[in-house]
file upload.pdb (PDB, C-alpha atoms)
ATOM      1  CA  MET T   1     141.507 140.199  63.047
ATOM      2  CA  ARG T   2     143.108 137.838  65.538
ATOM      3  CA  ASN T   3     142.615 134.644  63.597
ATOM      4  CA  ALA T   4     144.691 136.101  60.812
ATOM      5  CA  ILE T   5     147.818 135.282  62.780
ATOM      6  CA  PHE T   6     147.129 131.550  63.000
ATOM      7  CA  ILE T   7     150.211 130.226  61.305
ATOM      8  CA  HIS T   8     150.839 126.532  61.641
ATOM      9  CA  GLU T   9     154.535 126.159  62.338
ATOM     10  CA  LYS T  10     156.362 122.981  63.063
ATOM     11  CA  GLY T  11     155.819 122.029  66.680
ATOM     12  CA  TYR T  12     153.157 124.623  67.375
ATOM     13  CA  GLU T  13     149.437 124.088  67.681
ATOM     14  CA  PRO T  14     147.600 126.497  65.354
ATOM     15  CA  GLN T  15     145.728 127.875  68.347
ATOM     16  CA  PHE T  16     148.981 128.879  70.019
ATOM     17  CA  TRP T  17     149.414 132.171  68.222
ATOM     18  CA  GLY T  18     145.741 132.897  68.667
ATOM     19  CA  MET T  19     145.989 132.324  72.410
ATOM     20  CA  LEU T  20     148.923 134.671  72.599
ATOM     21  CA  SER T  21     146.772 137.518  71.442
ATOM     22  CA  THR T  22     144.015 137.015  73.996
ATOM     23  CA  LEU T  23     143.729 139.112  77.091
ATOM     24  CA  SER T  24     144.539 137.504  80.411
ATOM     25  CA  THR T  25     143.651 139.250  83.638
ATOM     26  CA  PRO T  26     146.832 139.976  85.564
ATOM     27  CA  ASN T  27     146.958 138.358  88.988
ATOM     28  CA  PRO T  28     146.236 141.212  91.414
ATOM     29  CA  HIS T  29     148.296 139.558  94.113
ATOM     30  CA  ARG T  30     151.553 139.457  92.211
ATOM     31  CA  LEU T  31     154.387 141.672  93.239
ATOM     32  CA  PRO T  32     154.619 144.848  91.163
ATOM     33  CA  SER T  33     156.838 144.128  88.219
ATOM     34  CA  SER T  34     159.789 146.237  87.253
ATOM     35  CA  VAL T  35     159.817 144.642  83.817
ATOM     36  CA  ALA T  36     157.564 146.946  81.810
ATOM     37  CA  ARG T  37     158.862 150.406  81.081
ATOM     38  CA  GLU T  38     156.745 153.316  79.974
ATOM     39  CA  ASP T  39     158.171 153.482  76.476
ATOM     40  CA  GLU T  40     157.652 149.788  75.755
ATOM     41  CA  HIS T  41     154.484 150.294  73.707
ATOM     42  CA  LEU T  42     156.273 152.896  71.579
ATOM     43  CA  LEU T  43     159.086 150.455  70.854
ATOM     44  CA  VAL T  44     156.599 147.717  69.985
ATOM     45  CA  ALA T  45     154.666 150.074  67.703
ATOM     46  CA  ALA T  46     157.879 151.132  65.952
ATOM     47  CA  ALA T  47     159.032 147.509  65.594
ATOM     48  CA  LYS T  48     155.673 146.573  64.077
ATOM     49  CA  LYS T  49     156.268 149.225  61.435
ATOM     50  CA  GLY T  50     159.555 147.548  60.590
ATOM     51  CA  ASP T  51     161.947 149.530  62.799
ATOM     52  CA  ALA T  52     164.621 146.913  63.464
ATOM     53  CA  THR T  53     166.435 149.119  65.983
ATOM     54  CA  ALA T  54     163.313 149.299  68.116
ATOM     55  CA  PHE T  55     163.001 145.518  68.106
ATOM     56  CA  GLU T  56     166.672 145.136  68.968
ATOM     57  CA  GLU T  57     166.149 147.463  71.923
ATOM     58  CA  LEU T  58     163.332 145.198  73.122
ATOM     59  CA  VAL T  59     165.609 142.185  72.727
ATOM     60  CA  SER T  60     168.417 143.858  74.670
ATOM     61  CA  ARG T  61     165.981 144.674  77.439
ATOM     62  CA  TYR T  62     164.743 141.141  77.906
ATOM     63  CA  GLU T  63     167.496 138.814  76.669
ATOM     64  CA  ASP T  64     168.912 138.129  80.155
ATOM     65  CA  LYS T  65     165.502 137.289  81.570
ATOM     66  CA  ILE T  66     164.441 135.193  78.598
ATOM     67  CA  PHE T  67     167.685 133.227  78.751
ATOM     68  CA  ARG T  68     167.118 132.589  82.466
ATOM     69  CA  LEU T  69     163.614 131.369  81.621
ATOM     70  CA  THR T  70     164.694 129.022  78.819
ATOM     71  CA  LYS T  71     167.592 127.744  80.952
ATOM     72  CA  ASN T  72     165.289 127.126  83.906
ATOM     73  CA  ILE T  73     162.794 125.206  81.785
ATOM     74  CA  THR T  74     165.155 123.167  79.624
ATOM     75  CA  GLY T  75     167.828 122.705  82.299
ATOM     76  CA  ASN T  76     170.364 122.713  79.488
ATOM     77  CA  ARG T  77     172.456 125.580  78.158
ATOM     78  CA  GLU T  78     172.481 124.518  74.525
ATOM     79  CA  ASP T  79     168.704 124.064  74.368
ATOM     80  CA  ALA T  80     168.254 127.270  76.330
ATOM     81  CA  GLU T  81     170.227 129.246  73.760
ATOM     82  CA  ASP T  82     168.335 127.727  70.823
ATOM     83  CA  ALA T  83     164.971 128.269  72.502
ATOM     84  CA  MET T  84     165.811 131.890  73.313
ATOM     85  CA  GLN T  85     167.025 132.624  69.800
ATOM     86  CA  ASP T  86     163.982 131.025  68.164
ATOM     87  CA  ALA T  87     161.662 132.792  70.600
ATOM     88  CA  PHE T  88     162.986 136.227  69.628
ATOM     89  CA  LEU T  89     162.951 135.379  65.914
ATOM     90  CA  LYS T  90     159.373 134.067  66.103
ATOM     91  CA  ALA T  91     158.295 137.052  68.165
ATOM     92  CA  TYR T  92     159.580 139.285  65.386
ATOM     93  CA  SER T  93     157.862 137.251  62.676
ATOM     94  CA  HIS T  94     154.543 137.315  64.532
ATOM     95  CA  LEU T  95     154.735 140.836  65.895
ATOM     96  CA  GLN T  96     151.695 141.904  63.850
ATOM     97  CA  GLY T  97     149.687 139.422  65.920
ATOM     98  CA  PHE T  98     150.541 141.141  69.176
ATOM     99  CA  HIS T  99     147.653 143.469  69.945
ATOM    100  CA  GLY T 100     148.889 144.912  73.230
ATOM    101  CA  ASP T 101     146.229 143.145  75.299
ATOM    102  CA  SER T 102     148.942 141.909  77.635
ATOM    103  CA  ARG T 103     152.433 143.205  78.331
ATOM    104  CA  PHE T 104     154.837 142.562  75.471
ATOM    105  CA  TYR T 105     157.099 140.760  77.929
ATOM    106  CA  THR T 106     154.324 138.350  78.951
ATOM    107  CA  TRP T 107     153.678 137.578  75.291
ATOM    108  CA  LEU T 108     157.394 136.954  74.788
ATOM    109  CA  VAL T 109     157.574 134.710  77.869
ATOM    110  CA  ARG T 110     154.817 132.520  76.488
ATOM    111  CA  ILE T 111     156.604 132.095  73.165
ATOM    112  CA  ALA T 112     159.892 131.333  74.954
ATOM    113  CA  ALA T 113     158.173 128.859  77.307
ATOM    114  CA  ASN T 114     156.692 127.049  74.322
ATOM    115  CA  GLU T 115     160.037 126.887  72.542
ATOM    116  CA  SER T 116     161.650 125.533  75.718
ATOM    117  CA  LEU T 117     158.918 122.947  76.274
ATOM    118  CA  MET T 118     159.312 121.629  72.723
ATOM    119  CA  ARG T 119     163.008 121.058  73.354
ATOM    120  CA  LEU T 120     162.457 119.496  76.767
ATOM    121  CA  ARG T 121     159.873 117.101  75.343
ATOM    122  CA  LYS T 122     162.248 116.154  72.556
ATOM    123  CA  ARG T 123     165.047 115.465  75.022
ATOM    124  CA  ARG T 124     162.891 113.558  77.528
ATOM    125  CA  PRO T 125     160.029 112.064  75.534
ATOM    126  CA  ASN T 126     159.196 109.388  78.095
ATOM    127  CA  GLN T 127     160.169 111.101  81.301
ATOM    128  CA  PHE T 128     158.199 114.252  81.154
ATOM    129  CA  SER T 129     154.520 114.998  80.899
ATOM    130  CA  LEU T 130     152.625 117.954  82.223
ATOM    131  CA  ASP T 131     149.364 116.188  81.476
ATOM    132  CA  GLU T 132     149.872 113.336  83.909
ATOM    133  CA  PRO T 133     147.698 113.621  87.000
ATOM    134  CA  VAL T 134     149.378 114.880  90.149
ATOM    135  CA  GLU T 135     149.693 112.196  92.820
ATOM    136  CA  GLY T 136     147.827 112.400  96.110
ATOM    137  CA  ASP T 137     148.826 114.821  98.818
ATOM    138  CA  ALA T 138     150.544 112.313 101.117
ATOM    139  CA  ASP T 139     153.982 113.654 100.241
ATOM    140  CA  LEU T 140     153.064 117.286 100.660
ATOM    141  CA  MET T 141     153.787 117.326 104.382
ATOM    142  CA  SER T 142     157.459 118.026 104.877
ATOM    143  CA  ARG T 143     159.342 116.328 107.649
ATOM    144  CA  GLU T 144     162.026 119.000 107.622
ATOM    145  CA  LEU T 145     160.978 121.819 109.881
ATOM    146  CA  GLU T 146     163.669 124.011 111.325
ATOM    147  CA  ASP T 147     163.855 127.638 112.348
ATOM    148  CA  TRP T 148     165.283 129.944 109.637
ATOM    149  CA  GLY T 149     165.444 133.154 111.625
ATOM    150  CA  PRO T 150     163.979 136.404 110.234
ATOM    151  CA  SER T 151     166.266 137.017 107.195
ATOM    152  CA  PRO T 152     168.023 133.783 106.281
ATOM    153  CA  GLU T 153     169.117 135.092 102.871
ATOM    154  CA  GLN T 154     171.300 137.745 104.495
ATOM    155  CA  GLY T 155     173.769 135.080 105.522
ATOM    156  CA  TYR T 156     174.754 134.750 101.876
ATOM    157  CA  ALA T 157     176.343 137.082  99.356
ATOM    158  CA  GLN T 158     174.135 137.900  96.355
ATOM    159  CA  ALA T 159     176.182 135.701  93.996
ATOM    160  CA  GLU T 160     176.082 132.812  96.450
ATOM    161  CA  LEU T 161     172.332 133.147  96.775
ATOM    162  CA  GLN T 162     171.963 133.096  92.982
ATOM    163  CA  ASP T 163     173.977 129.881  92.833
ATOM    164  CA  ILE T 164     171.844 128.309  95.560
ATOM    165  CA  LEU T 165     168.613 129.253  93.774
ATOM    166  CA  ALA T 166     169.895 127.970  90.440
ATOM    167  CA  GLU T 167     170.881 124.670  92.043
ATOM    168  CA  VAL T 168     167.616 124.301  93.924
ATOM    169  CA  ILE T 169     165.477 125.105  90.856
ATOM    170  CA  ASP T 170     167.525 122.725  88.740
ATOM    171  CA  LYS T 171     166.846 119.892  91.189
ATOM    172  CA  LEU T 172     163.071 120.306  90.996
ATOM    173  CA  GLU T 173     161.168 117.936  88.727
ATOM    174  CA  PRO T 174     160.580 119.600  85.325
ATOM    175  CA  GLU T 175     156.806 119.624  85.823
ATOM    176  CA  SER T 176     157.177 121.580  89.062
ATOM    177  CA  ARG T 177     160.055 123.712  87.865
ATOM    178  CA  ILE T 178     158.236 125.013  84.802
ATOM    179  CA  VAL T 179     155.137 126.094  86.678
ATOM    180  CA  LEU T 180     157.178 127.715  89.451
ATOM    181  CA  VAL T 181     159.276 129.621  86.942
ATOM    182  CA  LEU T 182     156.278 130.900  84.983
ATOM    183  CA  ARG T 183     154.186 131.849  88.005
ATOM    184  CA  ASP T 184     156.660 133.084  90.607
ATOM    185  CA  LEU T 185     159.661 134.180  88.585
ATOM    186  CA  GLU T 186     158.041 135.475  85.394
ATOM    187  CA  GLU T 187     154.850 136.593  87.164
ATOM    188  CA  LEU T 188     152.369 135.042  84.740
ATOM    189  CA  SER T 189     148.862 134.665  86.143
ATOM    190  CA  THR T 190     147.444 131.170  86.681
ATOM    191  CA  GLN T 191     145.398 131.574  83.497
ATOM    192  CA  GLU T 192     148.392 132.750  81.462
ATOM    193  CA  ALA T 193     150.530 129.867  82.727
ATOM    194  CA  ALA T 194     147.743 127.379  81.962
ATOM    195  CA  GLU T 195     147.420 128.741  78.419
ATOM    196  CA  ALA T 196     151.176 128.757  77.873
ATOM    197  CA  LEU T 197     151.488 125.127  78.996
ATOM    198  CA  GLY T 198     148.227 123.861  77.530
ATOM    199  CA  ILE T 199     147.010 122.487  80.868
ATOM    200  CA  SER T 200     144.095 123.354  83.139
ATOM    201  CA  MET T 201     144.234 126.087  85.763
ATOM    202  CA  ALA T 202     143.660 123.403  88.414
ATOM    203  CA  ALA T 203     146.738 121.545  87.181
ATOM    204  CA  VAL T 204     148.794 124.753  87.332
ATOM    205  CA  LYS T 205     147.632 125.344  90.900
ATOM    206  CA  SER T 206     148.397 121.841  92.128
ATOM    207  CA  ARG T 207     151.820 121.822  90.460
ATOM    208  CA  LEU T 208     152.587 125.260  91.848
ATOM    209  CA  LEU T 209     151.730 124.131  95.375
ATOM    210  CA  ARG T 210     154.068 121.168  95.058
ATOM    211  CA  ALA T 211     156.806 123.305  93.550
ATOM    212  CA  ARG T 212     156.598 125.924  96.283
ATOM    213  CA  LEU T 213     156.681 123.306  99.033
ATOM    214  CA  LYS T 214     159.659 121.609  97.404
ATOM    215  CA  LEU T 215     161.410 124.940  97.028
ATOM    216  CA  ARG T 216     160.977 125.601 100.756
ATOM    217  CA  GLU T 217     162.148 122.137 101.630
ATOM    218  CA  LYS T 218     165.271 122.407  99.485
ATOM    219  CA  LEU T 219     166.102 125.892 100.762
ATOM    220  CA  ASN T 220     165.765 124.584 104.316
ATOM    221  CA  ARG T 221     169.160 122.944 103.944
ATOM    222  CA  TYR T 222     170.750 126.351 103.418
ATOM    223  CA  PHE T 223     168.614 128.564 105.604
ATOM    224  CA  ARG T 224     168.104 126.624 108.809
ATOM    225  CA  ARG T 225     169.536 128.548 111.722
ATOM    226  CA  GLY T 226     173.190 127.767 112.370
ATOM    227  CA  THR T 227     173.867 126.341 108.897
ATOM    228  CA  LEU T 228     176.624 128.847 108.232
ATOM    229  CA  ASN T 229     178.280 128.420 111.631
TER     230      ASN T 229
ATOM    231  CA  MET P   8     140.832 122.800 109.399
ATOM    232  CA  ASN P   9     143.689 120.394 110.106
ATOM    233  CA  CYS P  10     147.364 120.593 109.060
ATOM    234  CA  LYS P  11     146.725 118.795 105.760
ATOM    235  CA  GLY P  12     143.996 121.285 104.928
ATOM    236  CA  VAL P  13     146.389 124.174 105.542
ATOM    237  CA  ILE P  14     149.014 122.668 103.252
ATOM    238  CA  ARG P  15     146.408 121.995 100.577
ATOM    239  CA  GLU P  16     145.310 125.652 100.629
ATOM    240  CA  LEU P  17     148.773 127.113 101.166
ATOM    241  CA  SER P  18     149.298 128.476  97.655
ATOM    242  CA  ASN P  19     145.821 129.984  97.474
ATOM    243  CA  TYR P  20     146.370 131.556 100.893
ATOM    244  CA  ILE P  21     149.722 133.064  99.899
ATOM    245  CA  ASP P  22     148.265 134.391  96.623
ATOM    246  CA  GLY P  23     145.271 135.883  98.435
ATOM    247  CA  ASP P  24     142.887 133.631  96.508
ATOM    248  CA  LEU P  25     141.032 132.100  99.469
ATOM    249  CA  ASP P  26     137.470 133.066 100.221
ATOM    250  CA  PRO P  27     137.145 134.973 103.516
ATOM    251  CA  ALA P  28     135.544 132.121 105.491
ATOM    252  CA  LEU P  29     138.236 129.612 104.507
ATOM    253  CA  LYS P  30     140.952 132.175 105.135
ATOM    254  CA  ALA P  31     139.618 132.835 108.663
ATOM    255  CA  GLU P  32     139.492 129.097 109.311
ATOM    256  CA  LEU P  33     143.077 128.654 108.139
ATOM    257  CA  GLU P  34     144.286 131.571 110.248
ATOM    258  CA  ARG P  35     142.535 130.144 113.326
ATOM    259  CA  HIS P  36     144.534 126.953 112.791
ATOM    260  CA  LEU P  37     147.781 128.923 112.439
ATOM    261  CA  GLN P  38     147.174 130.577 115.814
ATOM    262  CA  HIS P  39     147.768 127.304 117.604
ATOM    263  CA  CYS P  40     149.934 125.311 115.168
ATOM    264  CA  GLU P  41     153.611 126.279 115.174
ATOM    265  CA  ASP P  42     154.551 123.782 112.454
ATOM    266  CA  CYS P  43     152.026 125.113 109.948
ATOM    267  CA  THR P  44     152.947 128.703 110.809
ATOM    268  CA  MET P  45     156.574 127.863 110.101
ATOM    269  CA  ILE P  46     155.718 126.239 106.759
ATOM    270  CA  VAL P  47     153.556 129.196 105.703
ATOM    271  CA  ASP P  48     156.196 131.779 106.706
ATOM    272  CA  GLN P  49     159.085 129.887 105.118
ATOM    273  CA  THR P  50     157.189 129.230 101.900
ATOM    274  CA  LYS P  51     156.340 132.931 101.638
ATOM    275  CA  LYS P  52     159.995 133.776 102.297
ATOM    276  CA  SER P  53     161.153 131.288  99.648
ATOM    277  CA  ILE P  54     158.891 132.867  97.022
ATOM    278  CA  GLU P  55     160.034 136.333  98.051
ATOM    279  CA  ILE P  56     163.698 135.363  97.649
ATOM    280  CA  LEU P  57     162.950 133.779  94.276
ATOM    281  CA  CYS P  58     161.078 136.884  93.088
ATOM    282  CA  ASP P  59     163.942 139.135  94.194
ATOM    283  CA  SER P  60     166.566 137.147  92.326
ATOM    284  CA  ARG P  61     168.127 138.833  89.347
ATOM    285  CA  PRO P  62     168.990 137.019  86.124
ATOM    286  CA  VAL P  63     172.691 136.622  85.520
ATOM    287  CA  GLU P  64     174.002 138.526  82.562
ATOM    288  CA  LEU P  65     173.783 136.694  79.247
ATOM    289  CA  PRO P  66     177.174 135.127  78.400
ATOM    290  CA  SER P  67     178.871 137.249  75.730
ATOM    291  CA  ASP P  68     179.175 134.401  73.207
ATOM    292  CA  VAL P  69     175.456 133.633  73.544
ATOM    293  CA  ARG P  70     174.574 137.310  73.150
ATOM    294  CA  SER P  71     176.750 137.655  70.100
ATOM    295  CA  ARG P  72     175.159 134.614  68.400
ATOM    296  CA  LEU P  73     171.676 135.904  69.234
ATOM    297  CA  HIS P  74     172.330 139.333  67.773
ATOM    298  CA  SER P  75     173.928 137.990  64.636
ATOM    299  CA  ALA P  76     170.869 135.752  64.062
ATOM    300  CA  LEU P  77     168.651 138.780  64.593
ATOM    301  CA  HIS P  78     170.626 140.910  62.153
ATOM    302  CA  LYS P  79     170.206 138.224  59.525
ATOM    303  CA  LYS P  80     166.471 138.115  60.116
ATOM    304  CA  LEU P  81     165.934 141.841  60.517
ATOM    305  CA  SER P  82     168.094 143.201  57.717
ATOM    306  CA  PRO P  83     165.596 142.745  54.821
ATOM    307  CA  ARG P  84     163.106 145.013  56.602
ATOM    308  CA  GLN P  85     165.667 147.741  57.228
ATOM    309  CA  THR P  86     165.671 149.024  53.654
TER     310      THR P  86
END

call {"tool": "encode", "arguments": {"input": "upload.pdb", "output": "structure tokens"}}
result
Amino acid sequence: MRNAIFIHEKGYEPQFWGMLSTLSTPNPHRLPSSVAREDEHLLVAAAKKGDATAFEELVSRYEDKIFRLTKNITGNREDAEDAMQDAFLKAYSHLQGFHGDSRFYTWLVRIAANESLMRLRKRRPNQFSLDEPVEGDADLMSRELEDWGPSPEQGYAQAELQDILAEVIDKLEPESRIVLVLRDLEELSTQEAAEALGISMAAVKSRLLRARLKLREKLNRYFRRGTLN
Amino acid sequence: MNCKGVIRELSNYIDGDLDPALKAELERHLQHCEDCTMIVDQTKKSIEILCDSRPVELPSDVRSRLHSALHKKLSPRQT
């Protein structure tokens, strides 16, 4: 019984845990994910029966990715660590409410996103709102158009590229950053991202468009032909 | 469709969410607009690079604090 897992915790809407157990149709256009492994459901089943080792294996599998997610949303290492830790602890407490309708990782991402959002809102109460309407589309047209060549990323070592991406993501407005991270990095569907953030699917789409255009614009500085010369 | 229309539908186009008629209209525009073609290609490339990025390893102090918090929480159920 799904409603049985509605537990009103500080900072969470009661519906949150209920939403986590609903099925969301995966976006068919997403890249195939390497996240889920075949034995994941066995580990989840064992953890639900109280096998702590199985849960720790799940944590070890996803801790790097969840930390990247909480860091990308909060933009702050201390908050990121707290959000990650609380996300794993709450996932364990509410494991009985996970019915396997979505991937375990997706469920975990939504808990971690919520934990991160709570901290971001606390830190920037007046500067951040996902509910505010998106402005018109006058600023969508970029003035920076330069040729990148076929594989601009190959001009950089992997570590350098990671640093560039981290810097570029960090410079995005939180509203754009969060949606971009959930949709393109964590591969949540539009519906899953909307549910995780408590906003409409239309709002997710418009914020994603802005975020993607900004991402391109910011990467232009690094990828335009001749930048490295 | 003009350039603004292409930008407005860019995300839906990249995600394959456009209906066939709108998609054909957008692609007709791309055939003669170099600027829009460049924006579409570079946005796709940006997403691809983002998707391919790997998370950096969790710092050891952060990992150690996480696992000690977990042990605390998990130990009562290990009996």

call {"tool": "resolve_selection", "arguments": {"input": "upload.pdb", "expression": "the PyMOL selection byres ((chain T) within 7 of (chain P))", "output": "MDAnalysis selection string"}}
result
chainID T and resid 29 50:52 64:65 68 81 85 89 162 184:185 209 212:213 215:216

call {"tool": "write_last_selection", "arguments": {"input": "upload.pdb", "atoms": "C-alpha atoms", "output": "PDB file, keeping the file's coordinate frame"}}
result
ATOM      1  CA  HIS T  29     148.296 139.558  94.113  1.00  0.00           C
ATOM      2  CA  GLY T  50     159.555 147.548  60.590  1.00  0.00           C
ATOM      3  CA  ASP T  51     161.947 149.530  62.799  1.00  0.00           C
ATOM      4  CA  ALA T  52     164.621 146.913  63.464  1.00  0.00           C
ATOM      5  CA  ASP T  64     168.912 138.129  80.155  1.00  0.00           C
ATOM      6  CA  LYS T  65     165.502 137.289  81.570  1.00  0.00           C
ATOM      7  CA  ARG T  68     167.118 132.589  82.466  1.00  0.00           C
ATOM      8  CA  GLU T  81     170.227 129.246  73.760  1.00  0.00           C
ATOM      9  CA  GLN T  85     167.025 132.624  69.800  1.00  0.00           C
ATOM     10  CA  LEU T  89     162.951 135.379  65.914  1.00  0.00           C
ATOM     11  CA  GLN T 162     171.963 133.096  92.982  1.00  0.00           C
ATOM     12  CA  ASP T 184     156.660 133.084  90.607  1.00  0.00           C
ATOM     13  CA  LEU T 185     159.661 134.180  88.585  1.00  0.00           C
ATOM     14  CA  LEU T 209     151.730 124.131  95.375  1.00  0.00           C
ATOM     15  CA  ARG T 212     156.598 125.924  96.283  1.00  0.00           C
ATOM     16  CA  LEU T 213     156.681 123.306  99.033  1.00  0.00           C
ATOM     17  CA  LEU T 215     161.410 124.940  97.028  1.00  0.00           C
ATOM     18  CA  ARG T 216     160.977 125.601 100.756  1.00  0.00           C
TER      19      ARG T 216
END

call {"tool": "closest_residue", "arguments": {"input": "upload.pdb", "among": "T:Ala211, T:Leu180, T:Ala196, T:Leu145", "to": "Asn72 in chain T", "atoms": "all atoms listed in the file"}}
result
T:Leu180

call {"tool": "residues_near_point", "arguments": {"input": "upload.pdb", "point": "(171.0, 136.5, 105.2)", "cutoff": "12 Å", "atoms": "all atoms listed in the file", "output": "PDB file with C-alpha atoms, keeping the file's coordinate frame"}}
result
ATOM      1  CA  TRP T 148     165.283 129.944 109.637  1.00  0.00           C
ATOM      2  CA  GLY T 149     165.444 133.154 111.625  1.00  0.00           C
ATOM      3  CA  PRO T 150     163.979 136.404 110.234  1.00  0.00           C
ATOM      4  CA  SER T 151     166.266 137.017 107.195  1.00  0.00           C
ATOM      5  CA  PRO T 152     168.023 133.783 106.281  1.00  0.00           C
ATOM      6  CA  GLU T 153     169.117 135.092 102.871  1.00  0.00           C
ATOM      7  CA  GLN T 154     171.300 137.745 104.495  1.00  0.00           C
ATOM      8  CA  GLY T 155     173.769 135.080 105.522  1.00  0.00           C
ATOM      9  CA  TYR T 156     174.754 134.750 101.876  1.00  0.00           C
ATOM     10  CA  ALA T 157     176.343 137.082  99.356  1.00  0.00           C
ATOM     11  CA  GLN T 158     174.135 137.900  96.355  1.00  0.00           C
ATOM     12  CA  GLU T 160     176.082 132.812  96.450  1.00  0.00           C
ATOM     13  CA  LEU T 161     172.332 133.147  96.775  1.00  0.00           C
ATOM     14  CA  TYR T 222     170.750 126.351 103.418  1.00  0.00           C
ATOM     15  CA  PHE T 223     168.614 128.564 105.604  1.00  0.00           C
ATOM     16  CA  ARG T 224     168.104 126.624 108.809  1.00  0.00           C
ATOM     17  CA  ARG T 225     169.536 128.548 111.722  1.00  0.00           C
ATOM     18  CA  GLY T 226     173.190 127.767 112.370  1.00  0.00           C
ATOM     19  CA  THR T 227     173.867 126.341 108.897  1.00  0.00           C
ATOM     20  CA  LEU T 228     176.624 128.847 108.232  1.00  0.00           C
TER      21      LEU T 228
ATOM     22  CA  LYS P  52     159.995 133.776 102.297  1.00  0.00           C
ATOM     23  CA  ILE P  56     163.698 135.363  97.649  1.00  0.00           C
TER      24      ILE P  56
END

call {"tool": "atom_distance", "arguments": {"input": "upload.pdb", "atom1": "CA of Lys122 in chain T", "atom2": "CA of Glu175 in chain T"}}
result
14.8 Å

call {"tool": "atom_distance", "arguments": {"input": "upload.pdb", "atom1": "CA of Arg121 in chain T", "atom2": "CA of Phe67 in chain T"}}
result
18.2 Å

call {"tool": "resolve_selection", "arguments": {"input": "upload.pdb", "expression": "the PyMOL selection byres ((chain T and resi 61) around 12)", "output": "number ranges by chain"}}
result
T: 34-37, 39-40, 43, 54-60, 62-67, 88, 104-105, 108; P: 62, 64-65

call {"tool": "axis_aligned_box", "arguments": {"input": "upload.pdb", "around": "range 61-76 of chain P", "padding_each_side": "3 Å", "output": "lines of an AutoDock Vina configuration file"}}
result
center_x = 173.7
center_y = 136.5
center_z = 76.7
size_x = 17.0
size_y = 11.7
size_z = 31.3

call {"tool": "atom_distance", "arguments": {"input": "upload.pdb", "atom1": "CA of Thr74 in chain T", "atom2": "CA of Leu165 in chain T"}}
result
15.8 Å

call {"tool": "closest_residue", "arguments": {"input": "upload.pdb", "among": "P:Glu41, P:Leu33, P:Ser71, P:Lys79", "to": "Asn9 in chain P", "atoms": "all atoms listed in the file"}}
result
P:Leu33

call {"tool": "resolve_selection", "arguments": {"input": "upload.pdb", "expression": "the PyMOL selection byres ((chain T and resi 113) around 12)", "output": "PyMOL selection string"}}
result
chain T and resi 12+16+20+65-74+79-80+83-84+86-88+105-112+114-120+177-179+181-183+186+188+192-198

call {"tool": "build_atoms", "arguments": {"input": "upload.pdb", "residues": "range 201-214 of chain T", "atoms": "N, CA and C atoms", "output": "PDB file, keeping the file's coordinate frame"}}
result
ATOM      1  N   MET T 201     143.821 125.215  84.664  1.00  0.00           N
ATOM      2  CA  MET T 201     144.234 126.087  85.763  1.00  0.00           C
ATOM      3  C   MET T 201     144.387 125.281  87.059  1.00  0.00           C
ATOM      4  N   ALA T 202     143.555 124.249  87.211  1.00  0.00           N
ATOM      5  CA  ALA T 202     143.660 123.403  88.414  1.00  0.00           C
ATOM      6  C   ALA T 202     145.008 122.680  88.435  1.00  0.00           C
ATOM      7  N   ALA T 203     145.438 122.235  87.256  1.00  0.00           N
ATOM      8  CA  ALA T 203     146.738 121.545  87.181  1.00  0.00           C
ATOM      9  C   ALA T 203     147.880 122.511  87.503  1.00  0.00           C
ATOM     10  N   VAL T 204     147.766 123.749  87.020  1.00  0.00           N
ATOM     11  CA  VAL T 204     148.794 124.753  87.332  1.00  0.00           C
ATOM     12  C   VAL T 204     148.857 124.946  88.846  1.00  0.00           C
ATOM     13  N   LYS T 205     147.670 125.078  89.457  1.00  0.00           N
ATOM     14  CA  LYS T 205     147.632 125.344  90.900  1.00  0.00           C
ATOM     15  C   LYS T 205     148.233 124.194  91.703  1.00  0.00           C
ATOM     16  N   SER T 206     147.889 122.963  91.329  1.00  0.00           N
ATOM     17  CA  SER T 206     148.397 121.841  92.128  1.00  0.00           C
ATOM     18  C   SER T 206     149.905 121.674  91.925  1.00  0.00           C
ATOM     19  N   ARG T 207     150.376 121.930  90.703  1.00  0.00           N
ATOM     20  CA  ARG T 207     151.820 121.822  90.460  1.00  0.00           C
ATOM     21  C   ARG T 207     152.572 122.961  91.150  1.00  0.00           C
ATOM     22  N   LEU T 208     151.949 124.120  91.179  1.00  0.00           N
ATOM     23  CA  LEU T 208     152.587 125.260  91.848  1.00  0.00           C
ATOM     24  C   LEU T 208     152.723 124.995  93.352  1.00  0.00           C
ATOM     25  N   LEU T 209     151.679 124.448  93.937  1.00  0.00           N
ATOM     26  CA  LEU T 209     151.730 124.131  95.375  1.00  0.00           C
ATOM     27  C   LEU T 209     152.894 123.189  95.662  1.00  0.00           C
ATOM     28  N   ARG T 210     152.977 122.134  94.878  1.00  0.00           N
ATOM     29  CA  ARG T 210     154.068 121.168  95.058  1.00  0.00           C
ATOM     30  C   ARG T 210     155.427 121.832  94.883  1.00  0.00           C
ATOM     31  N   ALA T 211     155.522 122.655  93.843  1.00  0.00           N
ATOM     32  CA  ALA T 211     156.806 123.305  93.550  1.00  0.00           C
ATOM     33  C   ALA T 211     157.219 124.231  94.685  1.00  0.00           C
ATOM     34  N   ARG T 212     156.264 124.987  95.214  1.00  0.00           N
ATOM     35  CA  ARG T 212     156.598 125.924  96.283  1.00  0.00           C
ATOM     36  C   ARG T 212     157.024 125.178  97.554  1.00  0.00           C
ATOM     37  N   LEU T 213     156.324 124.089  97.846  1.00  0.00           N
ATOM     38  CA  LEU T 213     156.681 123.306  99.033  1.00  0.00           C
ATOM     39  C   LEU T 213     158.063 122.668  98.866  1.00  0.00           C
ATOM     40  N   LYS T 214     158.344 122.204  97.677  1.00  0.00           N
ATOM     41  CA  LYS T 214     159.659 121.609  97.404  1.00  0.00           C
ATOM     42  C   LYS T 214     160.751 122.666  97.492  1.00  0.00           C
TER      43      LYS T 214
END
